[in-house]
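The block underneath contains the structure these notes are about, expressed in structure tokens.
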Amino acid sequence: MELETLCLYAGYEPKNGDPQSPPIVQSTTFKYETTEQVGNLFDLKEAGFFYTRLGNPTVDVVEKKIAALEGGVGALCTSSGQAANAFAIMNIASAGDHIVSTTSIYGGTVNLFAVTLKKLGIDVTFVNAECSDAELEQAIRPNTKAFFGETIANPAIDVFDIERFATLAHKHGLPLIVDNTFATPLLCRPFTFGADIVTHSTTKYMDGHAIQMGGVIVDSGKFDWKASGRFPELTQPDESYHGLIYTEAFGAAAYIAKARVQLMRDFGSCQSALGAFLTNQGLETLPLRIEKHSANADAVAHWLEKHPKVESVRYPTLKSSPFYERAQKYLPKGCSGVLSFSVKGGREAGARFIDSLKMASLLTHVADIRTCVLHPASMTHRQLTDEQLSACGITPSMVRLSVGIEHCQDIIADLEQALAQV
């Protein structure tokens, strides 16, 4: 099936007399006939549902659907995108380990890596995504466990060179983790370019309606954890499961199995049945929405670029973008609805523009069906230093605009009247 069709059918096959839409299995637990059955579930000898923290039929539908969309062997839904990124790293890195991340990523992820994971003993080296191969390799240490980047950086809107980073990561026996939130698998499938693990904040385009928090980790099943020699967590016995070895017990799905039965077991950042149901509703219309978002954003970006009160615009479909050629490779179907631009006049001018908008909403959100806007330096990235802001590609006057699916002329009209107030 094509991706558009998978959005409707993957993960759930109703049988004769079953509900057409996946039902909400609103139960924390599941009944069995014998202690032997339950024991086998706890020992991971059999597959099944026994406690919703580890698995639920409704959540399972969404996990299978997203795994199919990304082309992976399995997925794990989490309570938020931040939980997904935290689990993605912690599944293979622990105290004394190290990761390499690009600088142009979401500010919350920067804080997760540089502050919270550091407190847990996991160190991070941030590199410019456009650094040379030699500079990137210099960042690798004997205890390095992964490379991390975002397909479309938030809010710099840089396009990540997935294939180059994957090649260098694999050269050193390391996996590449890619946050594919803005692109979604409808616009880019990182596994086809060599990425090994993909994460999403499903709160964004997958939900699309600003109604349900969520995240997901997807495992490509292609990384050879045993051959790498860097991952005893996956290749040596786990005493909490009677000496089970994940690579032997689960094969290609070892990574995602460990994330579920160990991290989700112990940290519990699970998705609810109702949350999964709502996410699935969004997934069913994702192809229609992401096409409209991308078309509207492209038109708005070209209009803004010509406006005399706009200093600069960041969107990969613009010929002036340094990522134009790269977008043709990784994002030929569109670049999502998110763009950034700077208003002439600095921080005050940017604030005046935002305060003058009438239709677009000022929200701490992005990727909604409705157009929304925020000021990264004082909102989503306010915890970063000036140096970190610069490294993320954020200027004081930058405005992040999440273009919705309204009629494009109405969006432009709102931007035009607000710019007239600057």
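How things are named: the first chain in the structure tokens is A, the next is B, and so on; residues count from 1 in each chain; ligands count from 1 in the order shown.
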
Give me the region 311-392 of chain A side of the contact with region 404-410 of chain A, cut-off 8 Å, one line per residue showing its nearest atom pair and distance in Å at one decimal, counting only C-alpha atoms, sorted by chain and residue number, as a Markdown table.
| residue | atom | partner | partner_atom | distance |
| --- | --- | --- | --- | --- |
| A:Gly337 | CA | A:Gly404 | CA | 6.8 |
| A:Ala367 | CA | A:Gly404 | CA | 7.5 |
| A:Asp368 | CA | A:Gly404 | CA | 6.3 |
| A:Ile369 | CA | A:Gly404 | CA | 4.7 |
| A:Arg370 | CA | A:Gly404 | CA | 4.4 |
| A:Thr371 | CA | A:Gly404 | CA | 4.1 |
| A:Cys372 | CA | A:Gly404 | CA | 7.4 |

Selected residues written out with N, CA and C atoms, as a PDB file, in the first residue's frame:
ATOM      1  N   GLY A 337       4.591  22.873   7.127  1.00  0.00           N
ATOM      2  CA  GLY A 337       3.991  24.198   7.212  1.00  0.00           C
ATOM      3  C   GLY A 337       4.732  25.184   8.082  1.00  0.00           C
ATOM      4  N   ALA A 367       2.442  23.186  14.162  1.00  0.00           N
ATOM      5  CA  ALA A 367       1.906  22.087  13.355  1.00  0.00           C
ATOM      6  C   ALA A 367       0.427  21.829  13.618  1.00  0.00           C
ATOM      7  N   ASP A 368      -0.316  22.885  13.875  1.00  0.00           N
ATOM      8  CA  ASP A 368      -1.757  22.803  14.084  1.00  0.00           C
ATOM      9  C   ASP A 368      -2.456  23.082  12.754  1.00  0.00           C
ATOM     10  N   ILE A 369      -3.720  22.675  12.644  1.00  0.00           N
ATOM     11  CA  ILE A 369      -4.477  22.980  11.436  1.00  0.00           C
ATOM     12  C   ILE A 369      -4.704  24.483  11.298  1.00  0.00           C
ATOM     13  N   ARG A 370      -4.675  25.196  12.415  1.00  0.00           N
ATOM     14  CA  ARG A 370      -4.840  26.651  12.387  1.00  0.00           C
ATOM     15  C   ARG A 370      -3.468  27.325  12.421  1.00  0.00           C
ATOM     16  N   THR A 371      -3.331  28.425  11.733  1.00  0.00           N
ATOM     17  CA  THR A 371      -2.065  29.152  11.716  1.00  0.00           C
ATOM     18  C   THR A 371      -1.751  29.686  13.105  1.00  0.00           C
ATOM     19  N   CYS A 372      -0.530  29.439  13.546  1.00  0.00           N
ATOM     20  CA  CYS A 372      -0.110  29.929  14.858  1.00  0.00           C
ATOM     21  C   CYS A 372       1.315  30.457  14.783  1.00  0.00           C
TER      22      CYS A 372
END

Against region 80-89 of chain A, which residues of region 95-139 of chain A fall within 8 Å? For each one I want the closest pair of atoms and the distance in Å (one decimal), counting only C-alpha atoms, rows by chain and increasing residue number, as a tab-separated table.
residue	atom	partner	partner_atom	distance
A:Gly108	CA	A:Gln82	CA	7.7
A:Thr109	CA	A:Gln82	CA	7.1
A:Leu112	CA	A:Ala86	CA	7.4

Counting only C-alpha atoms, which residues of region 41-136 of chain A fall within 10 Å of region 267-277 of chain A, and what is the closest atom pair for each with its distance in Å at one decimal, ordered by chain and rising number, as JSON lines?
{"residue": "A:Thr52", "atom": "CA", "partner": "A:Ser272", "partner_atom": "CA", "distance": 7.8}
{"residue": "A:Arg53", "atom": "CA", "partner": "A:Cys270", "partner_atom": "CA", "distance": 5.6}
{"residue": "A:Leu54", "atom": "CA", "partner": "A:Cys270", "partner_atom": "CA", "distance": 7.5}
{"residue": "A:Gly55", "atom": "CA", "partner": "A:Cys270", "partner_atom": "CA", "distance": 8.6}
{"residue": "A:Asn56", "atom": "CA", "partner": "A:Ala273", "partner_atom": "CA", "distance": 6.8}
{"residue": "A:Pro57", "atom": "CA", "partner": "A:Ala273", "partner_atom": "CA", "distance": 7.8}
{"residue": "A:Thr58", "atom": "CA", "partner": "A:Ala273", "partner_atom": "CA", "distance": 5.4}
{"residue": "A:Val59", "atom": "CA", "partner": "A:Ala276", "partner_atom": "CA", "distance": 5.1}
{"residue": "A:Asp60", "atom": "CA", "partner": "A:Ala276", "partner_atom": "CA", "distance": 8.5}
{"residue": "A:Val61", "atom": "CA", "partner": "A:Ala276", "partner_atom": "CA", "distance": 8.2}
{"residue": "A:Val62", "atom": "CA", "partner": "A:Ala276", "partner_atom": "CA", "distance": 6.3}
{"residue": "A:Glu63", "atom": "CA", "partner": "A:Ala276", "partner_atom": "CA", "distance": 8.9}
{"residue": "A:Leu76", "atom": "CA", "partner": "A:Cys270", "partner_atom": "CA", "distance": 8.8}
{"residue": "A:Cys77", "atom": "CA", "partner": "A:Gln271", "partner_atom": "CA", "distance": 5.9}
{"residue": "A:Thr78", "atom": "CA", "partner": "A:Cys270", "partner_atom": "CA", "distance": 4.6}
{"residue": "A:Ser79", "atom": "CA", "partner": "A:Gln271", "partner_atom": "CA", "distance": 4.7}
{"residue": "A:Ser80", "atom": "CA", "partner": "A:Ser269", "partner_atom": "CA", "distance": 7.9}
{"residue": "A:Ala83", "atom": "CA", "partner": "A:Ser269", "partner_atom": "CA", "distance": 6.7}
{"residue": "A:Ala84", "atom": "CA", "partner": "A:Ser269", "partner_atom": "CA", "distance": 8.8}
{"residue": "A:Phe87", "atom": "CA", "partner": "A:Phe267", "partner_atom": "CA", "distance": 9.2}

Inset, instruction - Name the closest residue to Ser378 (chain A) among the candidates A:Pro185, A:Pro14, A:Pro332, A:Pro396; distances are taken between atoms, counting only C-alpha atoms. - result: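 Closest to Ser378 (chain A) of all the choices is A:Pro396.
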
Inset, instruction - Quick one: everything within 12 Å of Ala195 (chain A), counting only C-alpha atoms, minus sequence neighbours fewer than 5 positions away in the same chain. Send it as number ranges by chain. - result: A: 70-72, 146-151, 160-170, 174-180, 188-190, 218-223

Inset, instruction - DSSP on the backbone, then: every residue of region 139-267 of chain A marked alpha helix (DSSP H), written as a ChimeraX atom specification. - result: /A:162-171,184-187,225-228,232-235,246-250,254-258,265-267

Inset, instruction - For Ser294 (chain A), please output as a list in words all residues within 8 Å (counting only C-alpha atoms; exclusion window: fewer than 6 positions along the same chain). - result: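 With the cut-off at 8 Å, the set is Gly334, Cys335, Ser336 and Gly337 of chain A.
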
Inset, instruction - Mind the document's chain letters and residue numbers, and return as a ChimeraX atom specification the residues of region 101-238 of chain A that DSSP labels strand (DSSP E or B). - result: /A:101-102,123-127,144-150,152,159,176-179,197-201,215-219,238

Legend entry - Two-atom distance - CA of Ala114 (chain A), CA of Thr385 (chain A) (Å): 11.9 Å

Legend entry - Nearest candidate to Met359 (chain A) (options A:Ser312, A:Cys7, A:Glu239, A:Asp414; using only C-alpha atoms):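 Among A:Ser312, A:Cys7, A:Glu239, A:Asp414, it is A:Asp414 that comes nearest to Met359 (chain A).
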
Legend entry - Residues within 10 Å of His172 (chain A), only C-alpha atoms, excluding chain neighbours under 4 positions, as a list in words: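 The neighbour list is Glu137, Ile140, Arg141, Pro142, Thr144, Lys145, Ala146, Thr167, Leu168, Ser228 and Arg230 of chain A.
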
Within 12 Å of region 243-260 of chain A, which residues of region 88-206 of chain A come that close, and what is the closest atom pair and distance in Å for each? Count only C-alpha atoms and give it as CSV.
residue,atom,partner,partner_atom,distance
A:Ala88,CA,A:Ala259,CA,7.7
A:Ile89,CA,A:Ala259,CA,9.9
A:Met90,CA,A:Ala259,CA,8.6
A:Asn91,CA,A:Ala259,CA,5.8
A:Ile92,CA,A:Tyr255,CA,8.3
A:Ala93,CA,A:Ala259,CA,11.8
A:Pro175,CA,A:Tyr255,CA,11.0
A:Asp196,CA,A:Tyr255,CA,10.2
A:Ile197,CA,A:Tyr255,CA,9.1
A:Val198,CA,A:Ile256,CA,11.0
A:Thr199,CA,A:Ile256,CA,11.7

Limited to N, CA and C atoms, could you put the picked residues into a file as a compact mmCIF listing (two decimals), in the first residue's frame?
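As written to disk, part.txt reads:
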# COMPACT_ATOMS: atom_id res chain seq x y z
N ALA A 88 14.71 7.29 23.64
CA ALA A 88 15.54 6.90 22.49
C ALA A 88 17.01 6.90 22.86
N ILE A 89 17.42 7.89 23.66
CA ILE A 89 18.81 7.98 24.10
C ILE A 89 19.08 7.02 25.26
N MET A 90 18.23 7.05 26.27
CA MET A 90 18.46 6.27 27.48
C MET A 90 18.39 4.76 27.22
N ASN A 91 17.80 4.36 26.12
CA ASN A 91 17.71 2.95 25.78
C ASN A 91 19.08 2.35 25.46
N ILE A 92 20.03 3.22 25.04
CA ILE A 92 21.35 2.73 24.66
C ILE A 92 22.49 3.48 25.35
N ALA A 93 22.16 4.48 26.15
CA ALA A 93 23.20 5.25 26.85
C ALA A 93 22.85 5.36 28.32
N PRO A 175 24.60 4.23 15.86
CA PRO A 175 23.31 4.47 15.21
C PRO A 175 23.03 5.96 15.06
N ASP A 196 18.71 5.03 11.70
CA ASP A 196 18.44 3.76 12.38
C ASP A 196 17.23 3.82 13.31
N ILE A 197 17.05 4.97 13.97
CA ILE A 197 15.93 5.17 14.89
C ILE A 197 15.28 6.50 14.53
N VAL A 198 13.96 6.54 14.54
CA VAL A 198 13.22 7.78 14.28
C VAL A 198 12.32 8.08 15.48
N THR A 199 12.24 9.35 15.83
CA THR A 199 11.32 9.79 16.87
C THR A 199 10.36 10.83 16.31

Inset, instruction - Go through A:Ser132, A:Ser361, A:Ser356, A:Thr395 one by one, measure the shortest atom-to-atom distance of each to Lys344 (chain A) using only C-alpha atoms, and give the residue with the smallest value. - result: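 Going through A:Ser132, A:Ser361, A:Ser356, A:Thr395 one by one, the smallest distance to Lys344 (chain A) is for A:Thr395.
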
Inset, instruction - Within 8 Å of region 205-212 of chain A, counting only C-alpha atoms, which residues show up once you throw out same-chain ones fewer than 6 positions away? Write them as a ChimeraX atom specification, please. - result: /A:181-182,184,275,278-283,286,290,365,367-369

Region 48-130 of chain A near region 35-41 of chain A within 9 Å: what's each residue's closest atom pair and its distance in Å to one decimal, counting only C-alpha atoms, ordered by chain then ascending residue number, as a Markdown table?
| residue | atom | partner | partner_atom | distance |
| --- | --- | --- | --- | --- |
| A:Gly48 | CA | A:Leu41 | CA | 6.6 |
| A:Phe49 | CA | A:Leu41 | CA | 8.0 |
| A:Phe50 | CA | A:Leu41 | CA | 7.4 |

Inset, instruction - Between A:Asp43, A:Glu284, A:Glu387, A:Asp266, single out the one closest to Gly11 (chain A), counting only C-alpha atoms. - result: A:Glu284

Inset, instruction - Excluding Tyr324 (chain A) and residues on its chain fewer than 2 positions from it, collect all residues at most 12 Å away from it, counting only C-alpha atoms, and give them as a PyMOL selection string. - result: chain A and resi 157-160+314-322+326-332+334-335

Inset, instruction - Work out how far CA of Val366 (chain A) is from CA of Asn154 (chain A), in Å to one decimal. - result: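 Separation of CA of Asn154 (chain A) and CA of Val366 (chain A): 9.8 Å.
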